[in-house]
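**Q** So I've got this file, protein.csv, and it contains CSV, C-alpha atoms:
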chain,number,residue,atom,x,y,z
A,1,MET,CA,-22.5,-20.7,2.7
A,2,ASP,CA,-21.2,-22.6,5.8
A,3,ILE,CA,-18.7,-21.0,8.3
A,4,LEU,CA,-15.8,-23.1,7.2
A,5,THR,CA,-16.2,-21.9,3.6
A,6,VAL,CA,-16.4,-18.3,4.7
A,7,ASN,CA,-13.4,-18.5,7.0
A,8,ASN,CA,-11.4,-20.4,4.4
A,9,LEU,CA,-12.2,-17.9,1.7
A,10,TRP,CA,-11.1,-15.0,3.9
A,11,VAL,CA,-7.7,-16.7,4.7
A,12,MET,CA,-7.2,-17.4,1.0
A,13,ILE,CA,-7.9,-13.8,0.1
A,14,CYS,CA,-5.4,-12.8,2.8
A,15,THR,CA,-2.9,-15.2,1.3
A,16,ALA,CA,-3.1,-13.4,-2.0
A,17,LEU,CA,-2.7,-10.0,-0.2
A,18,VAL,CA,0.5,-11.2,1.6
A,19,PHE,CA,1.8,-12.5,-1.8
A,20,ILE,CA,1.4,-8.9,-3.1
A,21,MET,CA,3.6,-7.7,-0.3
A,22,HIS,CA,6.6,-9.2,-2.2
A,23,LEU,CA,6.0,-6.8,-5.0
A,24,GLY,CA,5.9,-4.0,-2.5
A,25,PHE,CA,9.2,-5.1,-0.9
A,26,THR,CA,10.7,-5.3,-4.4
A,27,PHE,CA,9.6,-1.8,-5.5
A,28,LEU,CA,10.8,-0.3,-2.2
A,29,GLU,CA,14.2,-1.9,-2.5
A,30,ILE,CA,14.6,-0.9,-6.1
A,31,GLY,CA,13.4,2.7,-5.5
A,32,LEU,CA,15.8,3.3,-2.6
A,33,THR,CA,18.9,2.0,-4.4
A,34,ARG,CA,20.7,3.0,-7.6
A,35,GLN,CA,19.5,2.0,-11.1
A,36,LYS,CA,22.7,0.1,-11.9
A,37,ASN,CA,21.6,-2.6,-9.3
A,38,THR,CA,17.9,-2.9,-10.3
A,39,LEU,CA,18.0,-6.2,-12.1
A,40,ASN,CA,20.0,-7.8,-9.3
A,41,ILE,CA,17.4,-6.8,-6.8
A,42,LEU,CA,14.6,-8.1,-9.0
A,43,PHE,CA,16.4,-11.4,-9.4
A,44,LYS,CA,17.0,-11.8,-5.6
A,45,ASN,CA,13.3,-11.1,-4.8
A,46,ILE,CA,12.0,-13.5,-7.4
A,47,PHE,CA,14.5,-16.1,-6.1
A,48,ILE,CA,13.3,-15.6,-2.5
A,49,ILE,CA,9.6,-16.2,-3.2
A,50,THR,CA,10.0,-19.1,-5.6
A,51,VAL,CA,12.7,-21.1,-3.7
A,52,GLY,CA,11.1,-20.1,-0.3
A,53,LEU,CA,7.8,-21.8,-1.2
A,54,LEU,CA,9.6,-24.9,-2.4
A,55,LEU,CA,11.7,-25.1,0.8
A,56,TYR,CA,8.6,-24.5,2.9
A,57,PHE,CA,6.9,-27.4,1.1
A,58,LEU,CA,9.9,-29.8,1.5
A,59,ILE,CA,10.9,-29.1,5.1
A,60,GLY,CA,9.8,-25.7,6.5
A,61,PHE,CA,6.2,-26.4,7.2
A,62,ASN,CA,7.0,-29.5,9.1
A,63,LEU,CA,9.8,-27.8,11.1
A,64,MET,CA,7.5,-25.0,12.0
A,65,TYR,CA,4.6,-27.3,13.0
A,66,PRO,CA,6.4,-30.4,14.2
A,67,ASN,CA,3.7,-31.7,16.6
A,68,PHE,CA,5.9,-31.5,19.7
A,69,GLY,CA,5.3,-34.6,21.7
A,70,GLU,CA,4.2,-34.8,25.4
A,71,GLY,CA,7.1,-33.8,27.6
A,72,SER,CA,9.1,-32.2,24.8
A,73,PHE,CA,10.9,-29.0,25.7
A,74,GLY,CA,9.7,-27.5,22.4
A,75,LEU,CA,13.0,-26.4,20.9
A,76,ILE,CA,13.2,-28.3,17.6
A,77,GLY,CA,11.1,-31.0,16.0
A,78,PHE,CA,10.4,-32.4,12.5
A,79,SER,CA,7.3,-34.2,11.3
A,80,GLY,CA,8.5,-35.4,7.9
A,81,VAL,CA,9.4,-34.3,4.4
A,82,GLY,CA,6.8,-32.7,2.1
A,83,LEU,CA,3.1,-32.4,2.8
A,84,THR,CA,0.9,-35.1,4.2
A,85,PRO,CA,-2.7,-33.8,4.4
A,86,PRO,CA,-5.1,-35.3,6.8
A,87,LEU,CA,-7.4,-37.6,4.9
A,88,THR,CA,-10.5,-39.5,5.8
A,89,ASN,CA,-11.4,-42.2,3.2
A,90,ASN,CA,-9.0,-40.5,0.8
A,91,VAL,CA,-10.9,-37.2,1.1
A,92,LEU,CA,-9.4,-34.1,2.7
A,93,ASP,CA,-10.4,-34.0,6.4
A,94,LEU,CA,-12.3,-30.7,6.8
A,95,THR,CA,-12.1,-31.0,10.6
A,96,TYR,CA,-8.4,-30.1,10.4
A,97,ASN,CA,-9.2,-26.6,11.7
A,98,ASN,CA,-12.4,-24.6,12.3
A,99,GLY,CA,-11.2,-21.8,10.2
A,100,PHE,CA,-9.5,-23.2,7.1
A,101,THR,CA,-8.3,-26.4,5.4
A,102,PHE,CA,-4.8,-27.9,5.5
A,103,TRP,CA,-3.9,-26.6,2.1
A,104,THR,CA,-4.9,-23.0,2.9
A,105,ASP,CA,-2.9,-23.2,6.2
A,106,PHE,CA,0.2,-24.3,4.3
A,107,LEU,CA,-0.1,-21.6,1.6
A,108,PHE,CA,-0.8,-18.8,4.1
A,109,GLN,CA,2.2,-19.7,6.3
A,110,GLY,CA,4.3,-20.2,3.2
A,111,MET,CA,3.7,-16.6,2.1
A,112,PHE,CA,5.3,-15.5,5.4
A,113,ALA,CA,8.3,-17.7,5.2
A,114,ALA,CA,10.2,-15.8,2.5
A,115,THR,CA,9.8,-12.4,4.2
A,116,ALA,CA,12.8,-12.8,6.5
A,117,ALA,CA,15.2,-13.2,3.6
A,118,THR,CA,13.5,-10.2,1.8
A,119,ILE,CA,14.4,-8.0,4.7
A,120,VAL,CA,18.1,-9.1,4.5
A,121,SER,CA,18.0,-8.5,0.7
A,122,GLY,CA,17.3,-4.8,1.2
A,123,ALA,CA,20.0,-4.3,3.9
A,124,VAL,CA,22.8,-5.9,1.8
A,125,ALA,CA,21.8,-4.4,-1.5
A,126,GLU,CA,24.4,-3.1,-4.0
A,127,ARG,CA,27.4,-5.0,-2.7
A,128,MET,CA,26.7,-8.6,-1.9
A,129,LYS,CA,27.5,-11.4,-4.3
A,130,LEU,CA,24.5,-13.2,-5.6
A,131,GLY,CA,25.8,-16.7,-5.0
A,132,PRO,CA,26.4,-16.3,-1.3
A,133,PHE,CA,23.1,-14.6,-0.9
A,134,ILE,CA,21.3,-17.5,-2.5
A,135,ILE,CA,23.1,-20.0,-0.2
A,136,PHE,CA,22.2,-17.8,2.8
A,137,THR,CA,18.5,-17.6,1.7
A,138,VAL,CA,18.2,-21.4,1.3
A,139,ILE,CA,19.6,-22.1,4.8
A,140,TYR,CA,17.8,-19.2,6.6
A,141,VAL,CA,14.4,-19.6,5.0
A,142,GLY,CA,14.6,-23.4,4.9
A,143,PHE,CA,15.8,-24.0,8.5
A,144,VAL,CA,16.3,-21.0,10.7
A,145,TYR,CA,12.9,-19.2,10.2
A,146,PRO,CA,10.7,-22.3,10.6
A,147,ILE,CA,12.6,-23.5,13.7
A,148,ALA,CA,12.2,-20.0,15.2
A,149,GLY,CA,8.5,-20.0,14.3
A,150,SER,CA,7.9,-23.3,16.0
A,151,TRP,CA,8.8,-21.9,19.3
A,152,LYS,CA,5.6,-19.9,19.4
A,153,TRP,CA,3.3,-20.7,16.4
A,154,GLY,CA,4.3,-24.4,16.5
A,155,LYS,CA,3.5,-24.6,20.3
A,156,GLY,CA,7.1,-24.8,21.3
A,157,PHE,CA,8.7,-23.6,24.5
A,158,LEU,CA,7.7,-19.9,24.3
A,159,GLU,CA,4.1,-20.9,23.9
A,160,ASN,CA,4.5,-23.0,27.1
A,161,LEU,CA,5.9,-20.4,29.4
A,162,GLU,CA,3.8,-19.8,32.5
A,163,THR,CA,2.7,-16.6,30.9
A,164,PRO,CA,2.9,-17.5,27.1
A,165,PHE,CA,4.9,-15.3,24.8
A,166,TYR,CA,2.6,-13.5,22.4
A,167,ASP,CA,3.2,-12.5,18.8
A,168,PHE,CA,0.0,-12.3,16.8
A,169,ALA,CA,1.4,-11.9,13.3
A,170,GLY,CA,5.1,-11.7,13.5
A,171,SER,CA,6.7,-8.5,14.9
A,172,THR,CA,9.4,-10.8,16.2
A,173,LEU,CA,8.8,-14.1,14.5
A,174,VAL,CA,9.0,-12.6,11.0
A,175,HIS,CA,10.4,-9.1,11.2
A,176,SER,CA,13.0,-9.3,13.9
A,177,VAL,CA,14.1,-12.7,12.6
A,178,GLY,CA,15.0,-11.0,9.4
A,179,GLY,CA,16.3,-7.9,11.1
A,180,TRP,CA,18.8,-9.7,13.3
A,181,ALA,CA,20.2,-11.5,10.2
A,182,ALA,CA,20.4,-8.2,8.3
A,183,ILE,CA,22.4,-6.4,11.0
A,184,ILE,CA,24.9,-9.3,11.1
A,185,ALA,CA,25.1,-9.3,7.3
A,186,ILE,CA,25.9,-5.6,6.9
A,187,TRP,CA,28.4,-5.7,9.7
A,188,LEU,CA,30.3,-8.5,7.9
A,189,LEU,CA,29.9,-7.0,4.5
A,190,GLY,CA,31.0,-3.4,5.3
A,191,PRO,CA,29.5,-0.2,3.8
A,192,ARG,CA,29.1,0.7,0.1
A,193,ILE,CA,31.9,2.6,-1.5
A,194,GLY,CA,31.4,6.3,-0.8
A,195,LYS,CA,29.0,5.9,2.2
A,196,PHE,CA,31.4,6.9,4.8
A,197,LYS,CA,34.4,9.3,4.4
A,198,ASN,CA,36.5,11.0,7.1
A,199,ASN,CA,34.1,9.8,9.8
A,200,GLN,CA,31.1,11.4,8.0
A,201,SER,CA,28.1,9.7,6.5
A,202,PHE,CA,27.0,10.6,3.0
A,203,ALA,CA,23.6,9.9,1.6
A,204,ILE,CA,23.5,7.6,-1.5
A,205,PRO,CA,20.2,8.6,-3.0
A,206,GLY,CA,17.9,6.0,-4.5
A,207,HIS,CA,17.0,6.3,-8.2
A,208,ASN,CA,13.3,6.1,-8.1
A,209,ILE,CA,11.4,7.5,-5.2
A,210,PRO,CA,8.0,7.2,-6.9
A,211,LEU,CA,8.6,3.5,-7.1
A,212,ALA,CA,9.6,3.3,-3.5
A,213,THR,CA,6.4,5.2,-2.6
A,214,ALA,CA,4.3,2.8,-4.6
A,215,GLY,CA,6.1,-0.1,-2.8
A,216,VAL,CA,5.2,1.3,0.6
A,217,LEU,CA,1.5,1.7,-0.4
A,218,ILE,CA,1.5,-1.9,-1.8
A,219,LEU,CA,3.0,-3.1,1.5
A,220,TRP,CA,0.3,-1.3,3.5
A,221,PHE,CA,-2.3,-2.8,1.3
A,222,GLY,CA,-0.8,-6.3,1.8
A,223,TRP,CA,-0.7,-5.8,5.5
A,224,PHE,CA,-4.5,-6.1,5.5
A,225,GLY,CA,-3.8,-9.8,4.7
A,226,PHE,CA,-0.7,-10.1,6.9
A,227,ASN,CA,-2.5,-9.1,10.0
A,228,GLY,CA,-6.1,-9.6,9.0
A,229,GLY,CA,-5.4,-13.2,7.9
A,230,SER,CA,-3.6,-13.9,11.2
A,231,VAL,CA,-7.0,-13.9,12.9
A,232,LEU,CA,-7.2,-17.3,11.1
A,233,SER,CA,-11.0,-16.9,10.5
A,234,ALA,CA,-13.4,-14.3,9.2
A,235,ASP,CA,-14.7,-13.4,12.7
A,236,PRO,CA,-16.1,-10.0,12.0
A,237,THR,CA,-15.3,-8.5,15.4
A,238,LYS,CA,-11.6,-9.6,15.5
A,239,THR,CA,-10.9,-9.0,11.8
A,240,SER,CA,-12.4,-5.5,11.8
A,241,LEU,CA,-10.6,-4.4,14.9
A,242,THR,CA,-7.3,-5.9,13.6
A,243,LEU,CA,-7.6,-3.9,10.4
A,244,VAL,CA,-8.5,-0.7,12.2
A,245,THR,CA,-5.5,-0.9,14.6
A,246,THR,CA,-3.2,-1.9,11.7
A,247,CYS,CA,-4.2,1.2,9.7
A,248,LEU,CA,-4.1,3.6,12.6
A,249,ALA,CA,-0.6,2.5,13.6
A,250,ALA,CA,0.6,2.9,10.0
A,251,ALA,CA,-0.7,6.4,9.8
A,252,SER,CA,0.6,7.4,13.2
A,253,GLY,CA,4.0,5.9,12.4
A,254,GLY,CA,4.3,7.9,9.2
A,255,VAL,CA,3.2,11.2,10.7
A,256,PHE,CA,5.4,11.0,13.8
A,257,SER,CA,8.4,9.9,11.7
A,258,PHE,CA,7.8,12.9,9.4
A,259,ILE,CA,7.5,15.3,12.4
A,260,SER,CA,10.5,14.0,14.2
A,261,SER,CA,12.7,13.9,11.2
A,262,SER,CA,11.7,17.4,10.2
A,263,ILE,CA,12.6,18.7,13.7
A,264,ILE,CA,15.9,16.9,13.7
A,265,TYR,CA,17.1,17.4,10.1
A,266,LYS,CA,15.1,20.6,9.2
A,267,ASN,CA,13.7,19.1,6.0
A,268,TYR,CA,10.8,17.2,4.7
A,269,ASP,CA,12.2,13.7,4.1
A,270,LEU,CA,9.8,11.5,2.2
A,271,THR,CA,11.9,8.4,2.7
A,272,MET,CA,11.7,8.8,6.5
A,273,PHE,CA,7.9,9.3,6.1
A,274,LEU,CA,7.7,6.1,4.2
A,275,ASN,CA,9.8,4.1,6.6
A,276,GLY,CA,7.8,5.5,9.5
A,277,ILE,CA,4.6,4.0,7.9
A,278,LEU,CA,6.4,0.6,7.7
A,279,GLY,CA,7.7,1.0,11.3
A,280,GLY,CA,4.1,1.6,12.5
A,281,LEU,CA,2.9,-1.5,10.6
A,282,VAL,CA,5.7,-3.7,12.0
A,283,GLY,CA,5.2,-2.3,15.6
A,284,ILE,CA,1.4,-3.1,15.7
A,285,THR,CA,1.9,-6.6,14.2
A,286,ALA,CA,2.6,-8.4,17.5
A,287,GLY,CA,-0.6,-7.2,19.1
A,288,ALA,CA,-2.9,-5.9,16.4
A,289,ASP,CA,-5.8,-8.0,17.8
A,290,LEU,CA,-5.3,-6.9,21.4
A,291,MET,CA,-5.1,-3.1,21.1
A,292,SER,CA,-7.6,-0.3,21.2
A,293,PRO,CA,-7.5,2.3,18.4
A,294,THR,CA,-5.8,4.7,20.9
A,295,ASN,CA,-3.2,2.0,21.8
A,296,ALA,CA,-2.5,1.5,18.1
A,297,ILE,CA,-1.9,5.2,17.5
A,298,ILE,CA,0.6,5.4,20.5
A,299,ILE,CA,2.4,2.2,19.4
A,300,GLY,CA,2.7,3.6,15.8
A,301,ALA,CA,3.8,7.0,17.0
A,302,ILE,CA,6.6,5.5,19.1
A,303,ALA,CA,7.6,3.2,16.2
A,304,GLY,CA,7.8,6.2,13.8
A,305,ILE,CA,10.1,8.2,16.1
A,306,LEU,CA,12.1,5.0,16.7
A,307,VAL,CA,12.7,4.7,13.0
A,308,VAL,CA,14.3,8.1,12.8
A,309,LEU,CA,16.5,7.6,15.8
A,310,ALA,CA,17.5,4.0,14.7
A,311,VAL,CA,18.6,5.2,11.3
A,312,ALA,CA,20.8,7.8,13.0
A,313,LEU,CA,22.2,5.2,15.4
A,314,ILE,CA,23.0,2.8,12.5
A,315,ASP,CA,24.8,5.6,10.7
A,316,THR,CA,26.8,6.5,13.8
A,317,CYS,CA,27.9,2.8,14.1
A,318,LYS,CA,29.2,3.0,10.5
A,319,LEU,CA,26.7,0.4,9.3
A,320,ASP,CA,25.2,0.8,5.9
A,321,ASP,CA,21.6,-0.1,5.4
A,322,PRO,CA,20.4,1.3,2.0
A,323,VAL,CA,16.7,0.9,2.6
A,324,GLY,CA,16.4,1.3,6.4
A,325,ALA,CA,15.4,-2.4,6.9
A,326,ILE,CA,17.1,-2.7,10.3
A,327,ALA,CA,15.4,0.4,11.7
A,328,VAL,CA,12.0,-0.7,10.5
A,329,HIS,CA,12.0,-4.5,11.0
A,330,LEU,CA,14.4,-5.0,13.9
A,331,PHE,CA,14.0,-2.0,16.1
A,332,CYS,CA,10.2,-1.6,15.5
A,333,GLY,CA,9.8,-5.4,15.7
A,334,ILE,CA,11.3,-5.4,19.2
A,335,TRP,CA,9.3,-2.4,20.2
A,336,GLY,CA,6.0,-4.0,19.0
A,337,THR,CA,6.7,-7.2,20.7
A,338,LEU,CA,7.4,-5.5,24.1
A,339,ALA,CA,4.4,-3.3,23.6
A,340,VAL,CA,2.1,-6.3,24.1
A,341,GLY,CA,3.2,-6.3,27.7
A,342,ILE,CA,2.5,-2.5,28.1
A,343,PHE,CA,-0.7,-1.9,26.2
A,344,GLY,CA,-3.9,-3.9,25.3
A,345,ASP,CA,-5.7,-6.9,26.7
A,346,LEU,CA,-2.6,-8.8,27.9
A,347,ALA,CA,-0.7,-5.8,29.5
A,348,SER,CA,1.0,-6.9,32.7
A,349,LEU,CA,4.4,-7.2,34.2
A,350,ASN,CA,4.4,-11.0,33.7
A,351,GLN,CA,3.5,-10.6,30.1
A,352,PHE,CA,6.2,-8.0,29.6
A,353,VAL,CA,8.8,-10.4,31.1
A,354,SER,CA,7.6,-13.2,28.7
A,355,GLN,CA,7.8,-10.8,25.8
A,356,LEU,CA,11.4,-9.8,26.8
A,357,ILE,CA,12.3,-13.5,27.1
A,358,GLY,CA,11.1,-14.1,23.6
A,359,VAL,CA,13.0,-11.1,22.2
A,360,ILE,CA,16.2,-12.3,23.9
A,361,ALA,CA,15.7,-15.9,22.7
A,362,TYR,CA,15.2,-14.9,19.1
A,363,ALA,CA,18.1,-12.5,19.3
A,364,LEU,CA,20.5,-15.2,20.5
A,365,PHE,CA,19.3,-17.8,18.0
A,366,CYS,CA,19.2,-15.5,14.9
A,367,ILE,CA,22.5,-13.7,15.7
A,368,SER,CA,24.4,-16.9,16.2
A,369,THR,CA,22.9,-18.8,13.2
A,370,SER,CA,23.2,-15.8,10.7
A,371,PHE,CA,26.8,-15.1,11.9
A,372,ILE,CA,27.8,-18.8,11.4
A,373,ILE,CA,26.2,-18.9,7.9
A,374,ILE,CA,27.5,-15.5,6.6
A,375,TYR,CA,30.9,-15.7,8.3
A,376,THR,CA,31.5,-19.1,6.8
A,377,LEU,CA,30.6,-17.9,3.4
A,378,LYS,CA,32.8,-14.8,3.8
A,379,LYS,CA,35.8,-17.0,4.7
A,380,THR,CA,35.2,-19.6,2.0
A,381,ILE,CA,33.8,-18.2,-1.2
A,382,GLY,CA,33.6,-14.5,-0.2
A,383,ILE,CA,30.4,-12.4,0.1
A,384,ARG,CA,31.3,-9.1,-1.4
A,385,VAL,CA,31.7,-8.1,-5.0
A,386,SER,CA,35.0,-6.5,-6.1
A,387,GLU,CA,35.4,-2.7,-6.0
A,388,LYS,CA,35.4,-2.6,-9.8
A,389,ASP,CA,32.1,-4.6,-10.0
A,390,GLU,CA,30.5,-2.5,-7.3
A,391,LEU,CA,31.3,0.7,-9.2
A,392,LYS,CA,30.1,-0.8,-12.4
A,393,GLY,CA,26.9,-2.1,-10.8
A,394,LEU,CA,25.7,-5.5,-10.0
A,395,ASP,CA,23.4,-5.7,-13.0
A,396,LYS,CA,26.4,-5.7,-15.4
A,397,SER,CA,28.8,-7.6,-13.2
A,398,GLU,CA,26.5,-10.3,-11.9
A,399,HIS,CA,24.0,-10.6,-14.8
A,400,GLY,CA,25.7,-9.1,-17.8
A,401,ILE,CA,22.7,-6.9,-18.7
A,402,SER,CA,21.0,-3.8,-17.5
A,403,ALA,CA,17.5,-3.2,-16.3
A,404,TYR,CA,17.4,0.1,-18.2
A,405,PRO,CA,19.5,-0.6,-21.4
A,406,GLU,CA,18.2,2.5,-23.2
A,407,PHE,CA,19.5,4.9,-20.4
A,408,ARG,CA,23.1,5.7,-19.5
A,409,LEU,CA,23.7,4.7,-15.9
A,410,ASN,CA,24.7,7.3,-13.3
A,411,GLU,CA,27.7,5.8,-11.7
So that I can check it, write out the structure of this file as structure tokens.
**A**
Amino acid sequence: MDILTVNNLWVMICTALVFIMHLGFTFLEIGLTRQKNTLNILFKNIFIITVGLLLYFLIGFNLMYPNFGEGSFGLIGFSGVGLTPPLTNNVLDLTYNNGFTFWTDFLFQGMFAATAATIVSGAVAERMKLGPFIIFTVIYVGFVYPIAGSWKWGKGFLENLETPFYDFAGSTLVHSVGGWAAIIAIWLLGPRIGKFKNNQSFAIPGHNIPLATAGVLILWFGWFGFNGGSVLSADPTKTSLTLVTTCLAAASGGVFSFISSSIIYKNYDLTMFLNGILGGLVGITAGADLMSPTNAIIIGAIAGILVVLAVALIDTCKLDDPVGAIAVHLFCGIWGTLAVGIFGDLASLNQFVSQLIGVIAYALFCISTSFIIIYTLKKTIGIRVSEKDELKGLDKSEHGISAYPEFRLNE
């Protein structure tokens, strides 16, 4: 079997693993929210992956990889509608890349594209109208995410800094891009009914913690493809190191989140444990191929502690994030991106400055675009369901049926 076939097969397997992550996100979001909103969450997540792929085919792939011309600043470009594969005598050109074919490249990147909107879905769960969420998803996945991705992965201006910005698999390009939009969305939406009373925060328990736990384990499994596939080949040294650092960061994130939350809150909180695992995964994603196992454990540990502190900070700010998406994806995404300048093969002051420039650039772009989109929707068609519909549950009010028709819903 030739090396192109081996590499291409590995990236295709990783594509399937990343696809499975959408099931993990769905289970996690369902499990950490109330049963009366289950069908609504299922609908959103199915919409995100199906429409996300079609949008990435139509415009996203060519916005993300626009072939910036000589002398271009590398801010935005577009290389045409749809997919135009490289052909030689009407046969697919297999010299497109040493690691994979054009089609595999598109599909692997397409699996990433919908993740940013999935992060927002969890943060706005239980009170956002479906119609405005659909509109937001189309614009954010179709335009904002691929433009942001082009700045690094499409060889845009962040790739062309004197010391290039580095984000191996998307701590910032995927996770923070979703996290910035999520924090703007929940600020404009406001908290769920009953979340805050008399300046106190009250927990609104999810209805199925076993499902949430399964979701996290599925996400961890999918991360083998998310980070392992980002090597973009089956190189045994790089892929094996990447998978080791990914797993160690996840384990460390979970353990240190559990320890820190137990010290602070005097109880054993499984949801903090679960989000600590995810925080460790997000934190290592920017530099999984650069770190030693010890580096990975340290990065994961800090990410796990950061999740606990970030959840408390978000509550203090009277922001309502039902699944902890902002603590995991935004805070740990920023940390993981900056960690590339502190640990691993590229660690240096110049690299840290480039990482900071990237974090700031994405923050400005994602905050401004998501605010424009969501604020416009809020002032035109409205983004929040009525109080009556929220109390009834979005399954009944938005879809007219229940995900659990044989059970009485706990209001």
**Q** My list of candidates is A:Gly131, A:Gly194, A:Gly228, A:Gly283. Which is closest to Ala249 in chain A when distances are computed with all atoms listed in the file?
**A**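 Closest to Ala249 in chain A of all the choices is A:Gly283.
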**Q** Contacts of Gly393 in chain A at 9 Å or less, counting all atoms listed in the file, minus same-chain residues fewer than 2 places along, as a PyMOL selection string?
**A** chain A and resi 34-37+126-127+388-391+395-398+411
**Q** Sorted by chain and rising residue number, which residues of range 217-320 of chain A lie within 10 Å of range 338-360 of chain A, and what are their closest atom pairs and distances in Å to one decimal, counting all atoms listed in the file, as a tab-separated table?
**A**
residue	atom	partner	partner_atom	distance
A:Gly283	CA	A:Ala339	CA	8.1
A:Ile284	CA	A:Ala339	CA	8.5
A:Thr285	CA	A:Val340	CA	9.9
A:Ala286	CA	A:Val340	CA	6.9
A:Gly287	CA	A:Val340	CA	5.8
A:Ala288	CA	A:Gly344	CA	9.2
A:Asp289	CA	A:Gly344	CA	8.8
A:Leu290	CA	A:Gly344	CA	5.1
A:Met291	CA	A:Gly344	CA	4.4
A:Ser292	CA	A:Gly344	CA	6.6
A:Pro293	CA	A:Gly344	CA	10.0
A:Thr294	CA	A:Gly344	CA	9.8
A:Asn295	CA	A:Phe343	CA	6.4
A:Ala296	CA	A:Phe343	CA	9.0
A:Ile298	CA	A:Phe343	CA	9.4
A:Ile299	CA	A:Ala339	CA	7.2
**Q** Nearest residue to Val307 in chain A out of A:Leu32, A:Ile3, A:Ile209, A:Val255, using all atoms listed in the file?
**A**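 For Val307 in chain A, the nearest of the given residues is A:Val255.
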**Q** Give me the residues near range 39-53 of chain A as a PyMOL selection string, where near means some atom within 7 Å (using only C-alpha atoms) and where sequence neighbours in that chain fewer than 5 positions away do not count.
**A** chain A and resi 26+30+110+113-114+117-118+137+141+394-395+402-403
**Q** Write out as a list in words the residues lying within 8 Å of Gly229 in chain A, counting all atoms listed in the file and excluding same-chain residues fewer than 3 positions away.
**A** Trp10, Val11, Cys14, Thr15, Phe224, Gly225, Phe226, Leu232, Ser233 and Thr239 of chain A
**Q** So which residues touch Ile367 in chain A within 7 Å, counting only C-alpha atoms, skipping near sequence neighbours fewer than 6 positions away, as JSON, numbers by chain?
**A** {"A": [180, 181, 184]}
**Q** Go through A:Ser171, A:Thr38, A:Thr84, A:Thr5 and flag the residue nearest Ile401 in chain A, using all atoms listed in the file for the distances.
**A**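 Nearest to Ile401 in chain A: A:Thr38.
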**Q** Within 8 Å of Tyr362 in chain A, counting only C-alpha atoms, which residues qualify if same-chain residues fewer than 3 places away don't, as a PyMOL selection string?
**A** chain A and resi 148+172-173+176-177+358-359+365-366
**Q** Keeping C-alpha atoms, export the residues of the selection given above as a PDB file, in the frame of the given file.
**A**
ATOM      1  CA  ALA A 148      12.200 -20.000  15.200  1.00  0.00           C
ATOM      2  CA  THR A 172       9.400 -10.800  16.200  1.00  0.00           C
ATOM      3  CA  LEU A 173       8.800 -14.100  14.500  1.00  0.00           C
ATOM      4  CA  SER A 176      13.000  -9.300  13.900  1.00  0.00           C
ATOM      5  CA  VAL A 177      14.100 -12.700  12.600  1.00  0.00           C
ATOM      6  CA  GLY A 358      11.100 -14.100  23.600  1.00  0.00           C
ATOM      7  CA  VAL A 359      13.000 -11.100  22.200  1.00  0.00           C
ATOM      8  CA  PHE A 365      19.300 -17.800  18.000  1.00  0.00           C
ATOM      9  CA  CYS A 366      19.200 -15.500  14.900  1.00  0.00           C
TER      10      CYS A 366
END
**Q** From the options A:Ala250, A:Leu217, A:Ala182, A:Leu306, which residue's atoms come nearest to Val120 in chain A, counting all atoms listed in the file?
**A**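 Result for the nearest residue to Val120 in chain A: A:Ala182.
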**Q** Pick from A:Gly400, A:Gly69, A:Pro191, A:Gly122: nearest to Asp315 in chain A, with only C-alpha atoms counted?
**A**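 For Asp315 in chain A, the nearest of the given residues is A:Pro191.
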**Q** Name the residues within 12 Å of (22.1, 9.6, 2.1), counting all atoms listed in the file in the file's coordinates, and put them as a CSV table (one decimal) with C-alpha atoms, in the coordinates of the input.
**A**
chain,number,residue,atom,x,y,z
A,32,LEU,CA,15.8,3.3,-2.6
A,33,THR,CA,18.9,2.0,-4.4
A,34,ARG,CA,20.7,3.0,-7.6
A,192,ARG,CA,29.1,0.7,0.1
A,194,GLY,CA,31.4,6.3,-0.8
A,195,LYS,CA,29.0,5.9,2.2
A,196,PHE,CA,31.4,6.9,4.8
A,200,GLN,CA,31.1,11.4,8.0
A,201,SER,CA,28.1,9.7,6.5
A,202,PHE,CA,27.0,10.6,3.0
A,203,ALA,CA,23.6,9.9,1.6
A,204,ILE,CA,23.5,7.6,-1.5
A,205,PRO,CA,20.2,8.6,-3.0
A,206,GLY,CA,17.9,6.0,-4.5
A,207,HIS,CA,17.0,6.3,-8.2
A,269,ASP,CA,12.2,13.7,4.1
A,271,THR,CA,11.9,8.4,2.7
A,272,MET,CA,11.7,8.8,6.5
A,311,VAL,CA,18.6,5.2,11.3
A,312,ALA,CA,20.8,7.8,13.0
A,315,ASP,CA,24.8,5.6,10.7
A,320,ASP,CA,25.2,0.8,5.9
A,321,ASP,CA,21.6,-0.1,5.4
A,322,PRO,CA,20.4,1.3,2.0
A,323,VAL,CA,16.7,0.9,2.6
A,324,GLY,CA,16.4,1.3,6.4
